[in-house]
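For reference, the structure discussed in these notes is given below.
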Amino acid sequence: MTGWAYVRCLNGILAREGLRFLHQRERFFGALVRPLVWLFIFAAGFRSVLGVSIIPPYETYILYEEYIVPGLVAMILLFSGMQSSLSMVYDREMGSMRLLMVSPFPRWYLLLSKLIAGALVAVVQVYIFLAIAWFWGVQPPPLGVLLVFPALILSALMLGALGLFLSSVIKQLENFAGVMNFVIFPMFFASSALYPLWRIRDSSVLLYDICRFNPFTWAVELIRFALYAEVNWLALLGVSGALLVFLLAALYGYDPGRGMMRFKQGG
Amino acid sequence: MLQRTSALLGLCLLAPLGAQAYTAYVSSEKDNTITVVDGERLEIKKTVEVGARPRGIALSKDNRALYVCTSDEDHIEVLDLASLEVTHNLPSGPDPELLVLGPQGRFLYVANEDDNMVTVVDVEDRSKVTEIQVGVEPEGMGVSPDGKWLVNTSETTNMAHFIDIAKHEVVANVLVDQRPRVAQFTPDSQQVWVSSEIGGTVSVIDVATKEKIKVIEFAIPGMRRELIQPVGIRITDDGSRAFVALGPAARVAVVDTKTFAVEKYLLVGQRVWNLDFSPDQSRMFTTNGVSNDMSVIDMEKLKVLKTIPVGRLPWGVVVAP
């Protein structure tokens with residue numbers, strides 16, 4: 001197989017994911033409405049709650065709506081990553097995954113292509129959200145809006161890989177809702193998306209530690225700093241490490257010889 | 001040719017740096033210090049100890065000295081800006097709070113909060129020239145750029161007193177809202193803007209008729225009205241915009257001087273008190289008394305650039321080229 005064939009394969013998967021995104025308008029609006037509700041309604045209620053404290057990367061006092069935008073961006077990526085893995089479960093039930101899996105390409109390449117396609121779709125959603133937030137008065141420096149791109153891709157791949165791993169463990173579509181509850185909500189709320197971690201430490205040190213080691217917090221902070229044209233190296237390390245771990249776990253899970261696929265055939 | 005090009009290039013590189021080199025001085029009421037801040041890099045260069053309770057500060061005409069109202073010392077200290085040392089004191093009457101320098105640079109007009117007087121001080125002879133009786137608790141001091149009028153506000157009488165500078169006499173009193181704090185003339189000397197801390201308004205008074213032509217009100221969504229306490233006022237050199245510090249509301253209001261409409265509220269630190277522009281008017285500096293810091297505003301984008309910690313209870317701010 002030539003390198004060209006690999007490119008064609010990636011193209012095919014990208015096109016499929018892009019089409020799915022374009023055709024499922026409800027999914028697109030759903031993905032957009034969710035963070036906008038948080039921004040327009042939730043943040044409005046808490047406008048001045050952050051109190052007297054300036055935390056990096058911010059250099060002055062900010063309103064709550066400005067604080068939560070990076071968290072909402074990460075939320076888009078989280079939901080998108082989970083949704084893309086939901087489609088894997090669907091594909092498996094419908095049999096279209098078998099079609100993909102019998103192709104001569106190595107499995108890791110197919111899964112990685114799927115991840116990249118999902119990440120790109122998610123990043124498009126993020127930029128549309130950022131454009132709306134801009135008109136709402138949340139205006140990070142233009143350089144930051146550009147520099148956040150690699151941070152978005154890396155975070156989207158990490159969260160997508162997590163979803164991919166989860167989808168390898170789930171047998172049926174119905175089970176997925178439970179995982180959403182057990183993964184998305186705890187990950188989102190136990191992070192720095194909605195409140196700075198020093199606030200959480202005030203009430204519980206244990207909760208603070210949980211939040212600190214939540215990969216979603218790393219993604220939020222990586223995006224937050226990048227949006228203000230800065231690099232949070234610790235978060236970058238965390239997100240990269242988590243991506244590697246989740247990716248390996250997903251590859252293992254999708255390996256018919258060893259992984260979860262075999263267990264499931266029995267059960 | 002090459003030489004000329006490189007010389008030109010050198011000029012281009014140097015010019016903006018030269019134009020932007022300026023220093024902000026902040027008085028800290030509780031620390032008894034003047035904080036010296038590099039206005040371009042926004043870094044603290046030095047903290048200078050002065051007498052007890054420094055509040056109002058003003059630059060000398062030649063920008064070489066800073067007059068500091070050290071309220072609890074009952075005099076004005078003169079800080080030499082080259083050596084950053086207090087060279088001498090000026091008499092001021094008891095409890096000097098705010099002061100303003102006349103356009104000629106020779107006379108300082110000082111509000112004495114405790115004894116209902118405005119003291120006129122000669123900075124060359126270092127002597128008290130005269131005292132002018134005004135209302136109870138004199139506070140704000142504004143001098144018209146044409147040098148004809150001095151306006152003092154009295155906190156308890158709730159009046160703006162128009163003083164004829166040539167005669168050193170009060171010739172008119174204008175009633176304004178509760179607890180007037182600061183008086184600021186427009187660059188054309190035709191209006192004076194007076195902020196009322198408790199009333200929560202800014203009165204615009206026509207200098208010719210000595211009558212109020214507009215009372216500006218402020219409303220910030222979700223903010224209790226009593227937290228909106230206007231204090232410091234600054235008007236741009238071109239007279240197009242006024243900036244009003246709103247105290248505990250932690251906002252600076254941007255006001256269009258033609259329509260008197262509030263264009264924008266900028267979020268700064270707690271209890272924002274006084275304001276000053278950089279010499280090129282590209283930036284504005286605010287003192288935030290409760291959060292103990294200073295916010296820097298980009299005047300072109302109307303955005304807060306940065307907030308940096310200064311001494312405790314920062315009160316007055318002036319910027320020198």
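Naming scheme: A, B, ... for chains in displayed order of the structure tokens; residues 1 onward per chain; ligands 1 onward as shown.
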Give me the chain B side of the contact with chain A, cut-off 12 Å, one line per residue showing its nearest atom pair and distance in Å at one decimal, counting only C-alpha atoms, sorted by chain and residue number, as a tab-separated table.
```
residue	atom	partner	partner_atom	distance
B:Leu42	CA	A:Glu59	CA	11.5
B:Ile220	CA	A:Arg47	CA	11.5
B:Pro221	CA	A:Arg47	CA	9.6
B:Gly222	CA	A:Arg47	CA	8.1
B:Met223	CA	A:Ser48	CA	9.2
B:Ala249	CA	A:Ser48	CA	10.6
B:Ala250	CA	A:Tyr61	CA	9.5
B:Arg251	CA	A:Tyr61	CA	10.4
B:Lys264	CA	A:Gly137	CA	11.5
B:Tyr265	CA	A:Leu63	CA	12.0
B:Leu266	CA	A:Tyr61	CA	9.9
B:Leu267	CA	A:Tyr61	CA	6.6
B:Val268	CA	A:Tyr61	CA	6.1
B:Gly269	CA	A:Tyr61	CA	6.8
B:Gln270	CA	A:Val52	CA	7.8
B:Arg271	CA	A:Val52	CA	11.5
B:Asn288	CA	A:Val52	CA	11.4
B:Val290	CA	A:Val52	CA	9.5
B:Ser291	CA	A:Val52	CA	6.9
B:Asn292	CA	A:Val52	CA	10.3
B:Asp293	CA	A:Thr60	CA	10.0
B:Met294	CA	A:Thr60	CA	9.6
B:Ser295	CA	A:Thr60	CA	7.3
B:Val296	CA	A:Thr60	CA	8.9
B:Ile297	CA	A:Thr60	CA	10.2
B:Lys301	CA	A:Gln139	CA	11.4
B:Lys303	CA	A:Gln139	CA	10.1
B:Val304	CA	A:Thr60	CA	7.0
B:Leu305	CA	A:Thr60	CA	6.9
B:Lys306	CA	A:Thr60	CA	4.8
B:Thr307	CA	A:Thr60	CA	4.6
B:Ile308	CA	A:Thr60	CA	7.9
B:Pro309	CA	A:Ile54	CA	10.3
```
Item to check | Long-range neighbours of region 243-251 of chain A as a ChimeraX atom specification, 6 Å cut-off, only C-alpha atoms, 2 positions minimum in chain | outcome: /A:158,161-162,164-165,240-241,253-254
Take the residues just selected and output them with C-alpha atoms as an mmCIF file, in the first residue's frame.
```cif
data_model
loop_
_atom_site.group_PDB
_atom_site.id
_atom_site.type_symbol
_atom_site.label_atom_id
_atom_site.label_comp_id
_atom_site.auth_asym_id
_atom_site.auth_seq_id
_atom_site.Cartn_x
_atom_site.Cartn_y
_atom_site.Cartn_z
ATOM 1 C CA MET A 158 -7.449 13.642 24.047
ATOM 2 C CA ALA A 161 -9.532 9.184 22.536
ATOM 3 C CA LEU A 162 -11.249 8.909 25.908
ATOM 4 C CA LEU A 164 -13.120 5.973 21.765
ATOM 5 C CA PHE A 165 -11.838 3.939 24.679
ATOM 6 C CA SER A 240 -0.393 15.034 25.938
ATOM 7 C CA GLY A 241 0.123 12.296 28.534
ATOM 8 C CA GLY A 253 -9.932 -2.078 23.425
ATOM 9 C CA TYR A 254 -10.458 -2.326 19.678
#
```
Checklist entry - With distances taken over only C-alpha atoms, which of A:Gly95, A:Gly144, A:Gly238, A:Pro35 is nearest to Leu194 (chain A)? => result A:Pro35
Next on the checklist: Between CA of Ser240 (chain B) and CA of Leu101 (chain B), what distance in Å does the model show, to one decimal?
Outcome noted: 23.5 Å
Checklist entry - Taking the backbone alone, and naming residues the way the document does, which bits of region 135-187 of chain B are strand (DSSP E or B) by DSSP, as a ChimeraX atom specification? => result /B:138-143,149-154,159-164,169-175,180-185
Item to check | Members of region 60-205 of chain A assigned alpha helix (DSSP H) by DSSP, as a PyMOL selection string | outcome: chain A and resi 64-94+96-101+107-135+142-169+174-189+197-203+205
Select from region 90-148 of chain A every residue with an atom at most 12 Å from any atom of region 224-234 of chain A, then for each give the shortest pair of atoms and their distance in Å to one decimal, using only C-alpha atoms, rows by chain and rising number, as a tab-separated table.
```
residue	atom	partner	partner_atom	distance
A:Tyr127	CA	A:Leu227	CA	11.8
A:Leu130	CA	A:Leu227	CA	10.4
A:Val138	CA	A:Leu227	CA	11.3
A:Gln139	CA	A:Leu227	CA	9.8
A:Pro140	CA	A:Tyr228	CA	6.2
A:Pro141	CA	A:Tyr228	CA	6.3
A:Pro142	CA	A:Leu227	CA	8.7
A:Leu143	CA	A:Ala229	CA	6.3
A:Gly144	CA	A:Leu227	CA	4.2
A:Val145	CA	A:Leu227	CA	5.6
A:Leu146	CA	A:Leu227	CA	8.0
A:Leu147	CA	A:Ala226	CA	6.0
A:Val148	CA	A:Ala226	CA	4.8
```
Next on the checklist: Need to verify the contact set: Met88 (chain A), 9 Å, only C-alpha atoms, exclusion of same-chain residues closer than 4 positions in sequence. Can you return it as a PyMOL selection string?
Outcome noted: chain A and resi 83-84+92-93+97+164+167-168
Filtering to C-alpha atoms, could you give me those residues as a PDB file, in the first residue's frame?
```pdb
ATOM      1  CA  GLN A  83     -20.742  12.007  20.530  1.00  0.00           C
ATOM      2  CA  SER A  84     -18.190  10.801  18.032  1.00  0.00           C
ATOM      3  CA  ARG A  92     -20.980  -1.172  15.254  1.00  0.00           C
ATOM      4  CA  GLU A  93     -24.634  -1.968  15.782  1.00  0.00           C
ATOM      5  CA  MET A  97     -18.011  -0.438  11.166  1.00  0.00           C
ATOM      6  CA  LEU A 164     -13.120   5.973  21.765  1.00  0.00           C
ATOM      7  CA  SER A 167     -17.012   3.082  23.236  1.00  0.00           C
ATOM      8  CA  SER A 168     -14.822   0.004  23.059  1.00  0.00           C
TER       9      SER A 168
END
```
Item to check | Residue contacts of Ala74 (chain A) (10 Å, only C-alpha atoms) excluding same-chain residues fewer than 6 positions away, as a ChimeraX atom specification | outcome: /A:35,68,80,122,126,152,155-156,159,188,193,216-224
Put those residues in a file: N, CA and C atoms, as a short mmCIF file (atom, residue, chain, number, x, y, z; two decimals), in the first residue's frame.
```cif
data_model
loop_
_atom_site.label_atom_id
_atom_site.label_comp_id
_atom_site.auth_asym_id
_atom_site.auth_seq_id
_atom_site.Cartn_x
_atom_site.Cartn_y
_atom_site.Cartn_z
N PRO A 35 -23.37 25.36 25.12
CA PRO A 35 -22.49 26.37 25.75
C PRO A 35 -23.09 27.78 25.76
N ILE A 68 -15.65 31.81 32.13
CA ILE A 68 -16.12 30.46 31.77
C ILE A 68 -15.99 30.13 30.29
N SER A 80 -18.38 16.68 21.96
CA SER A 80 -18.11 16.23 20.60
C SER A 80 -17.35 14.91 20.62
N ALA A 122 -15.10 19.22 15.78
CA ALA A 122 -15.29 19.88 17.07
C ALA A 122 -14.69 21.29 17.05
N VAL A 126 -16.17 25.04 17.87
CA VAL A 126 -15.57 25.96 18.86
C VAL A 126 -15.42 27.35 18.27
N LEU A 152 -6.64 23.44 20.94
CA LEU A 152 -7.96 22.85 20.70
C LEU A 152 -7.83 21.46 20.08
N SER A 155 -6.52 18.98 22.69
CA SER A 155 -7.55 18.65 23.69
C SER A 155 -8.66 17.82 23.07
N ALA A 156 -9.04 18.15 21.83
CA ALA A 156 -10.10 17.40 21.15
C ALA A 156 -9.66 15.96 20.92
N LEU A 159 -9.81 14.12 24.38
CA LEU A 159 -11.18 13.80 24.82
C LEU A 159 -11.82 12.80 23.86
N PHE A 188 -16.87 17.45 33.97
CA PHE A 188 -17.13 18.86 33.72
C PHE A 188 -17.20 19.64 35.03
N ALA A 193 -13.48 24.52 34.91
CA ALA A 193 -14.28 25.14 33.84
C ALA A 193 -15.21 26.22 34.38
N PHE A 216 -9.67 16.79 32.26
CA PHE A 216 -10.49 17.85 31.68
C PHE A 216 -10.02 19.23 32.17
N THR A 217 -9.60 19.31 33.44
CA THR A 217 -9.03 20.56 33.97
C THR A 217 -7.80 20.96 33.16
N TRP A 218 -6.95 19.98 32.83
CA TRP A 218 -5.76 20.30 32.05
C TRP A 218 -6.15 20.87 30.69
N ALA A 219 -7.16 20.24 30.08
CA ALA A 219 -7.60 20.74 28.77
C ALA A 219 -8.12 22.17 28.90
N VAL A 220 -8.93 22.43 29.95
CA VAL A 220 -9.50 23.77 30.14
C VAL A 220 -8.37 24.79 30.33
N GLU A 221 -7.39 24.45 31.16
CA GLU A 221 -6.32 25.41 31.44
C GLU A 221 -5.41 25.61 30.22
N LEU A 222 -5.17 24.53 29.48
CA LEU A 222 -4.36 24.64 28.26
C LEU A 222 -5.04 25.63 27.30
N ILE A 223 -6.37 25.47 27.15
CA ILE A 223 -7.13 26.34 26.25
C ILE A 223 -7.18 27.76 26.80
N ARG A 224 -7.39 27.89 28.13
CA ARG A 224 -7.49 29.22 28.74
C ARG A 224 -6.21 30.03 28.50
#
```
Checklist entry - Could you work out how far CA of Ile34 (chain B) lies from CA of Ala320 (chain B), giving the answer in Å with one decimal? => result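 Spanning CA of Ala320 (chain B) to CA of Ile34 (chain B) is a straight-line distance of 13.6 Å.
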Next on the checklist: Measuring between only C-alpha atoms, which one of A:Ile153, A:Ile76, A:Ala133, A:Leu111 shows the shortest distance to Gly30 (chain A)?
Outcome noted: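 Using only C-alpha atoms, the shortest distance to Gly30 (chain A) belongs to A:Ile76.
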